[in-house]
Structures are given as C-alpha cells and as structure tokens.
Amino acid sequence: NKPGLHRFAWNLQQKGPWNKDPKRSYKNGPMVAPGTYTARLTIGAKTLEQPFEVIMDPRVAEEGISEADIEKQLAMQMKVIDLLNEAGKLKEDLEAKAESLSGKRGTKDELEEVNSILNQLKNDEGAYPQEMLLSQIYYLYNMLNGADQLPGRDALVRYDELVAELEALKKQAAKVI
C-alpha cells in the first residue's frame, strides 16, 4: 500500500485451520504440492503474472515418495482442516449459547446440555487435561502435517472415527442451539 520496492516471501503453505483468534486463524497450513504456480502482482488496473515451479525435495524422492503420494497426503490434510473448522465453529457456537443462557431463569437444563456437549468437544482447563475431540483432531492434523508420506491406515481409520464423533455432537447440538 506504500510506494516503493517491496519484497514478498511465500512460505509455500496453504491456509490452515480457522481459529477464533484472528492472529492464529488460517495459520500453519500444509505445504503446497509440487507443481506450477503463478505469482500475480496487480497495480491499479495492470496485472503482471509470472509462472514458477515448486519442486519436490530430492531427499523425499530418494525415500520413495512420489508426487502422487504428496497429493494424497495433501488431500487428507485438507479434509482434516475442514473437520477442524467444523469442530472449532461448533465450539464457538456452543460457547456463545452457554454465555447467553448463563444466569437466566428456567434455562438450567438447557445450559447443562450445552455444557455437556462442550465438555466432549474441548479440553478442561488446567494441567494435563483429558484430550477431547477438538484436541484429537488437532493431533491428527499435526501428525499428517509432520512428514512427507502417505497417510497410514491408522490415520484414515482415526479420521473416520473423529468424523462420526463430530457428527454425533452436531446432532446433539442442533437440539439446543
């Protein structure tokens, strides 16, 4: 927005999961897959474009990982990000509902129901809390984001389990939100 020369560096990451805190929202996304990308600079009505190629780390290729493997890993990471976004937004909706019910007469049962769902979704405060659904989804995401490799069968099975758990919580939440 200021005149003069500027430098932009892309860390090769895509959007990460949504977060209520704008400073943390969409950070720590997965790395892009190898391929051709386009840098676009728009100045007023004029747009300049320059294609460039992102190549796979040769050390990863030496380990037997193919570009197709990276694409599958990326697809799985994006599915987990979508799941994190759903779970995070459900948590925020439930917390807002709990706050609106807090202290009102005749809402004790409804508030208990909302808090019961929240307790299954987010960790308790304090040291060494039991990891609840949202933390378990984050753990899966970090595990998938940690290395260039095909997602293992255990990760795929765990993803399906977490989806089922979130769907069950969403059904419960639909009754009280």
# chains A, B, ... in the order shown; residues from 1 in each chain; ligands from 1
$ select_by_dssp --residues "region 21-163 of chain A" --states "alpha helix (DSSP H)" --output "NGL selection string"
:A and (58-62 or 67-101 or 108-121 or 133-145 or 153-163)
$ residues_around --residues "region 138-147 of chain A" --least-positions-apart "4" --cutoff "7 Å" --atoms "only C-alpha atoms" --output "list in words"
Pro30, Gln77, Val80, Leu134 and Pro151 of chain A
$ residues_around --residues "Val114 (chain A)" --least-positions-apart "5" --cutoff "10 Å" --atoms "only C-alpha atoms" --output "VMD selection string"
chain A and resid 93 to 98 101 108 to 109 119 172 to 173 175 to 177
$ closest_residue --among "A:Leu133, A:Leu150, A:Ile43, A:Met78" --to "Glu165 (chain A)" --atoms "only C-alpha atoms"
A:Leu133
$ atom_distance --atom1 "CA of Gly29 (chain A)" --atom2 "CA of Ile81 (chain A)"
8.4 Å
$ atom_distance --atom1 "CA of Asn85 (chain A)" --atom2 "CA of Leu166 (chain A)"
11.4 Å
$ select_by_dssp --residues "region 39-160 of chain A" --states "strand (DSSP E)" --output "VMD selection string"
chain A and resid 39 to 43 46 to 54
$ write_last_selection --atoms "all heavy atoms" --output "JSON list (two decimals), in the first residue's frame"
[["chain", "number", "residue", "atom", "x", "y", "z"],
["A", 39, "ALA", "N", 2.63, -16.37, -9.78],
["A", 39, "ALA", "CA", 2.70, -15.18, -8.93],
["A", 39, "ALA", "C", 2.00, -14.06, -9.69],
["A", 39, "ALA", "O", 2.27, -13.85, -10.88],
["A", 39, "ALA", "CB", 4.14, -14.82, -8.64],
["A", 40, "ARG", "N", 1.10, -13.36, -9.02],
["A", 40, "ARG", "CA", 0.33, -12.31, -9.68],
["A", 40, "ARG", "C", 0.49, -11.01, -8.88],
["A", 40, "ARG", "O", 0.28, -10.97, -7.67],
["A", 40, "ARG", "CB", -1.14, -12.71, -9.72],
["A", 40, "ARG", "CG", -2.03, -11.76, -10.46],
["A", 40, "ARG", "CD", -3.47, -12.28, -10.58],
["A", 40, "ARG", "NE", -3.49, -13.53, -11.32],
["A", 40, "ARG", "CZ", -3.96, -14.69, -10.83],
["A", 40, "ARG", "NH1", -4.45, -14.74, -9.61],
["A", 40, "ARG", "NH2", -3.94, -15.78, -11.55],
["A", 41, "LEU", "N", 0.87, -9.94, -9.58],
["A", 41, "LEU", "CA", 1.02, -8.62, -8.98],
["A", 41, "LEU", "C", 0.06, -7.68, -9.69],
["A", 41, "LEU", "O", 0.11, -7.55, -10.91],
["A", 41, "LEU", "CB", 2.46, -8.12, -9.12],
["A", 41, "LEU", "CG", 2.75, -6.71, -8.64],
["A", 41, "LEU", "CD1", 2.56, -6.60, -7.14],
["A", 41, "LEU", "CD2", 4.16, -6.30, -9.04],
["A", 42, "THR", "N", -0.82, -7.05, -8.93],
["A", 42, "THR", "CA", -1.78, -6.12, -9.50],
["A", 42, "THR", "C", -1.47, -4.72, -9.00],
["A", 42, "THR", "O", -1.37, -4.49, -7.79],
["A", 42, "THR", "CB", -3.22, -6.52, -9.12],
["A", 42, "THR", "OG1", -3.46, -7.85, -9.57],
["A", 42, "THR", "CG2", -4.23, -5.60, -9.74],
["A", 43, "ILE", "N", -1.30, -3.82, -9.94],
["A", 43, "ILE", "CA", -1.04, -2.42, -9.63],
["A", 43, "ILE", "C", -2.08, -1.61, -10.38],
["A", 43, "ILE", "O", -2.04, -1.52, -11.60],
["A", 43, "ILE", "CB", 0.37, -1.99, -10.06],
["A", 43, "ILE", "CG1", 1.42, -2.90, -9.42],
["A", 43, "ILE", "CG2", 0.62, -0.53, -9.71],
["A", 43, "ILE", "CD1", 2.80, -2.74, -9.98],
["A", 46, "LYS", "N", -3.46, -2.68, -13.86],
["A", 46, "LYS", "CA", -2.47, -3.52, -14.54],
["A", 46, "LYS", "C", -2.13, -4.74, -13.68],
["A", 46, "LYS", "O", -1.91, -4.62, -12.47],
["A", 46, "LYS", "CB", -1.21, -2.71, -14.81],
["A", 46, "LYS", "CG", -0.23, -3.40, -15.72],
["A", 46, "LYS", "CD", 0.90, -2.45, -16.08],
["A", 46, "LYS", "CE", 1.80, -3.11, -17.10],
["A", 46, "LYS", "NZ", 2.86, -2.23, -17.54],
["A", 47, "THR", "N", -2.10, -5.92, -14.31],
["A", 47, "THR", "CA", -1.76, -7.16, -13.62],
["A", 47, "THR", "C", -0.59, -7.82, -14.32],
["A", 47, "THR", "O", -0.60, -7.99, -15.54],
["A", 47, "THR", "CB", -2.96, -8.12, -13.60],
["A", 47, "THR", "OG1", -4.04, -7.49, -12.91],
["A", 47, "THR", "CG2", -2.63, -9.41, -12.89],
["A", 48, "LEU", "N", 0.42, -8.17, -13.54],
["A", 48, "LEU", "CA", 1.58, -8.88, -14.05],
["A", 48, "LEU", "C", 1.57, -10.29, -13.48],
["A", 48, "LEU", "O", 1.30, -10.47, -12.28],
["A", 48, "LEU", "CB", 2.87, -8.17, -13.65],
["A", 48, "LEU", "CG", 2.98, -6.69, -14.03],
["A", 48, "LEU", "CD1", 4.17, -6.06, -13.34],
["A", 48, "LEU", "CD2", 3.10, -6.56, -15.54],
["A", 49, "GLU", "N", 1.86, -11.28, -14.32],
["A", 49, "GLU", "CA", 1.88, -12.67, -13.86],
["A", 49, "GLU", "C", 3.19, -13.32, -14.25],
["A", 49, "GLU", "O", 3.74, -13.04, -15.32],
["A", 49, "GLU", "CB", 0.72, -13.46, -14.47],
["A", 49, "GLU", "CG", -0.63, -13.01, -13.98],
["A", 49, "GLU", "CD", -1.76, -13.88, -14.52],
["A", 49, "GLU", "OE1", -1.53, -14.72, -15.40],
["A", 49, "GLU", "OE2", -2.89, -13.70, -14.03],
["A", 50, "GLN", "N", 3.67, -14.19, -13.37],
["A", 50, "GLN", "CA", 4.90, -14.93, -13.64],
["A", 50, "GLN", "C", 4.73, -16.36, -13.12],
["A", 50, "GLN", "O", 4.53, -16.56, -11.93],
["A", 50, "GLN", "CB", 6.08, -14.26, -12.93],
["A", 50, "GLN", "CG", 7.38, -15.00, -13.06],
["A", 50, "GLN", "CD", 7.93, -14.95, -14.47],
["A", 50, "GLN", "OE1", 7.94, -13.91, -15.10],
["A", 50, "GLN", "NE2", 8.34, -16.10, -14.97],
["A", 51, "PRO", "N", 4.77, -17.35, -14.00],
["A", 51, "PRO", "CA", 4.69, -18.74, -13.52],
["A", 51, "PRO", "C", 6.01, -19.17, -12.88],
["A", 51, "PRO", "O", 7.08, -18.66, -13.24],
["A", 51, "PRO", "CB", 4.41, -19.54, -14.80],
["A", 51, "PRO", "CG", 4.91, -18.70, -15.91],
["A", 51, "PRO", "CD", 4.83, -17.28, -15.45],
["A", 52, "PHE", "N", 5.92, -20.06, -11.93],
["A", 52, "PHE", "CA", 7.11, -20.64, -11.31],
["A", 52, "PHE", "C", 6.78, -22.06, -10.89],
["A", 52, "PHE", "O", 5.62, -22.44, -10.78],
["A", 52, "PHE", "CB", 7.60, -19.80, -10.12],
["A", 52, "PHE", "CG", 6.63, -19.74, -8.98],
["A", 52, "PHE", "CD1", 6.75, -20.61, -7.90],
["A", 52, "PHE", "CD2", 5.61, -18.80, -8.96],
["A", 52, "PHE", "CE1", 5.87, -20.54, -6.85],
["A", 52, "PHE", "CE2", 4.72, -18.73, -7.91],
["A", 52, "PHE", "CZ", 4.85, -19.60, -6.85],
["A", 53, "GLU", "N", 7.80, -22.83, -10.66],
["A", 53, "GLU", "CA", 7.60, -24.24, -10.33],
["A", 53, "GLU", "C", 8.10, -24.53, -8.92],
["A", 53, "GLU", "O", 9.19, -24.09, -8.53],
["A", 53, "GLU", "CB", 8.34, -25.13, -11.33],
["A", 53, "GLU", "CG", 8.01, -26.58, -11.18],
["A", 53, "GLU", "CD", 8.61, -27.44, -12.28],
["A", 53, "GLU", "OE1", 9.17, -26.90, -13.24],
["A", 53, "GLU", "OE2", 8.53, -28.67, -12.15],
["A", 54, "VAL", "N", 7.31, -25.26, -8.17],
["A", 54, "VAL", "CA", 7.71, -25.77, -6.87],
["A", 54, "VAL", "C", 8.08, -27.23, -7.10],
["A", 54, "VAL", "O", 7.29, -28.00, -7.63],
["A", 54, "VAL", "CB", 6.57, -25.66, -5.83],
["A", 54, "VAL", "CG1", 6.95, -26.36, -4.53],
["A", 54, "VAL", "CG2", 6.21, -24.21, -5.58]]
$ closest_residue --among "A:Leu90, A:Leu83, A:Glu99, A:Gly106" --to "Tyr159 (chain A)" --atoms "only C-alpha atoms"
A:Leu83
$ closest_residue --among "A:Glu113, A:Glu62, A:Asp21, A:Asp82" --to "Ala174 (chain A)" --atoms "only C-alpha atoms"
A:Glu113
$ atom_distance --atom1 "CA of Leu74 (chain A)" --atom2 "CA of Pro34 (chain A)"
10.8 Å
$ residues_around --residues "Glu167 (chain A)" --least-positions-apart "6" --cutoff "10 Å" --atoms "only C-alpha atoms" --output "PDB file with all heavy atoms, in the first residue's frame"
ATOM      1  N   GLU A  86     -15.025 -27.178  11.192  1.00  0.00           N
ATOM      2  CA  GLU A  86     -16.381 -27.516  11.666  1.00  0.00           C
ATOM      3  C   GLU A  86     -16.426 -27.608  13.181  1.00  0.00           C
ATOM      4  O   GLU A  86     -17.313 -27.059  13.826  1.00  0.00           O
ATOM      5  CB  GLU A  86     -16.809 -28.875  11.095  1.00  0.00           C
ATOM      6  CG  GLU A  86     -17.618 -28.829   9.855  1.00  0.00           C
ATOM      7  CD  GLU A  86     -18.115 -30.224   9.508  1.00  0.00           C
ATOM      8  OE1 GLU A  86     -19.175 -30.637  10.033  1.00  0.00           O
ATOM      9  OE2 GLU A  86     -17.441 -30.888   8.707  1.00  0.00           O
ATOM     10  N   ALA A  87     -15.463 -28.343  13.753  1.00  0.00           N
ATOM     11  CA  ALA A  87     -15.438 -28.540  15.201  1.00  0.00           C
ATOM     12  C   ALA A  87     -15.187 -27.223  15.934  1.00  0.00           C
ATOM     13  O   ALA A  87     -15.820 -26.937  16.957  1.00  0.00           O
ATOM     14  CB  ALA A  87     -14.376 -29.572  15.574  1.00  0.00           C
ATOM     15  N   GLU A 161     -13.360 -42.136  12.478  1.00  0.00           N
ATOM     16  CA  GLU A 161     -13.904 -42.158  13.840  1.00  0.00           C
ATOM     17  C   GLU A 161     -14.201 -40.737  14.333  1.00  0.00           C
ATOM     18  O   GLU A 161     -15.246 -40.486  14.946  1.00  0.00           O
ATOM     19  CB  GLU A 161     -12.919 -42.835  14.797  1.00  0.00           C
ATOM     20  CG  GLU A 161     -12.732 -44.311  14.560  1.00  0.00           C
ATOM     21  CD  GLU A 161     -11.576 -44.908  15.353  1.00  0.00           C
ATOM     22  OE1 GLU A 161     -10.805 -44.156  15.998  1.00  0.00           O
ATOM     23  OE2 GLU A 161     -11.434 -46.148  15.319  1.00  0.00           O
ATOM     24  N   ALA A 173     -26.075 -30.981  19.428  1.00  0.00           N
ATOM     25  CA  ALA A 173     -26.033 -29.519  19.496  1.00  0.00           C
ATOM     26  C   ALA A 173     -27.213 -28.898  18.748  1.00  0.00           C
ATOM     27  O   ALA A 173     -27.703 -27.837  19.140  1.00  0.00           O
ATOM     28  CB  ALA A 173     -24.718 -29.007  18.933  1.00  0.00           C
TER      29      ALA A 173
END
$ decode --residues "region 137-152 of chain A" --atoms "N, CA, C and O atoms" --output "JSON list (two decimals), in the first residue's frame"
[["chain", "number", "residue", "atom", "x", "y", "z"],
["A", 137, "ILE", "N", -8.54, -34.05, 17.00],
["A", 137, "ILE", "CA", -8.50, -33.70, 15.58],
["A", 137, "ILE", "C", -7.21, -32.92, 15.29],
["A", 137, "ILE", "O", -6.54, -33.16, 14.28],
["A", 138, "TYR", "N", -6.84, -31.98, 16.17],
["A", 138, "TYR", "CA", -5.59, -31.24, 16.00],
["A", 138, "TYR", "C", -4.39, -32.19, 16.01],
["A", 138, "TYR", "O", -3.44, -32.02, 15.25],
["A", 139, "TYR", "N", -4.43, -33.18, 16.86],
["A", 139, "TYR", "CA", -3.33, -34.15, 16.92],
["A", 139, "TYR", "C", -3.19, -34.87, 15.59],
["A", 139, "TYR", "O", -2.09, -35.03, 15.06],
["A", 140, "LEU", "N", -4.32, -35.32, 15.03],
["A", 140, "LEU", "CA", -4.28, -36.00, 13.73],
["A", 140, "LEU", "C", -3.73, -35.06, 12.67],
["A", 140, "LEU", "O", -2.90, -35.46, 11.84],
["A", 141, "TYR", "N", -4.16, -33.81, 12.68],
["A", 141, "TYR", "CA", -3.67, -32.84, 11.69],
["A", 141, "TYR", "C", -2.16, -32.66, 11.82],
["A", 141, "TYR", "O", -1.44, -32.68, 10.82],
["A", 142, "ASN", "N", -1.67, -32.48, 13.02],
["A", 142, "ASN", "CA", -0.23, -32.29, 13.24],
["A", 142, "ASN", "C", 0.56, -33.53, 12.82],
["A", 142, "ASN", "O", 1.66, -33.43, 12.29],
["A", 143, "MET", "N", 0.01, -34.70, 13.06],
["A", 143, "MET", "CA", 0.66, -35.94, 12.66],
["A", 143, "MET", "C", 0.77, -36.01, 11.13],
["A", 143, "MET", "O", 1.81, -36.35, 10.59],
["A", 144, "LEU", "N", -0.30, -35.65, 10.44],
["A", 144, "LEU", "CA", -0.29, -35.68, 8.98],
["A", 144, "LEU", "C", 0.59, -34.58, 8.40],
["A", 144, "LEU", "O", 1.14, -34.72, 7.31],
["A", 145, "ASN", "N", 0.71, -33.48, 9.11],
["A", 145, "ASN", "CA", 1.47, -32.33, 8.64],
["A", 145, "ASN", "C", 2.97, -32.47, 8.91],
["A", 145, "ASN", "O", 3.76, -31.69, 8.43],
["A", 146, "GLY", "N", 3.35, -33.49, 9.68],
["A", 146, "GLY", "CA", 4.72, -33.60, 10.17],
["A", 146, "GLY", "C", 5.72, -34.21, 9.22],
["A", 146, "GLY", "O", 6.91, -34.07, 9.42],
["A", 147, "ALA", "N", 5.28, -34.92, 8.19],
["A", 147, "ALA", "CA", 6.23, -35.59, 7.30],
["A", 147, "ALA", "C", 5.62, -35.77, 5.92],
["A", 147, "ALA", "O", 4.40, -35.86, 5.78],
["A", 148, "ASP", "N", 6.47, -35.83, 4.92],
["A", 148, "ASP", "CA", 6.00, -36.10, 3.56],
["A", 148, "ASP", "C", 5.88, -37.61, 3.39],
["A", 148, "ASP", "O", 6.88, -38.31, 3.19],
["A", 149, "GLN", "N", 4.65, -38.09, 3.49],
["A", 149, "GLN", "CA", 4.41, -39.52, 3.35],
["A", 149, "GLN", "C", 2.93, -39.75, 3.14],
["A", 149, "GLN", "O", 2.11, -38.89, 3.43],
["A", 150, "LEU", "N", 2.61, -40.92, 2.64],
["A", 150, "LEU", "CA", 1.21, -41.30, 2.51],
["A", 150, "LEU", "C", 0.59, -41.43, 3.89],
["A", 150, "LEU", "O", 1.24, -41.96, 4.80],
["A", 151, "PRO", "N", -0.64, -40.96, 4.08],
["A", 151, "PRO", "CA", -1.30, -41.19, 5.37],
["A", 151, "PRO", "C", -1.47, -42.69, 5.60],
["A", 151, "PRO", "O", -1.86, -43.42, 4.68],
["A", 152, "GLY", "N", -1.14, -43.14, 6.77],
["A", 152, "GLY", "CA", -1.26, -44.56, 7.10],
["A", 152, "GLY", "C", -2.71, -44.97, 7.31],
["A", 152, "GLY", "O", -3.60, -44.14, 7.48]]
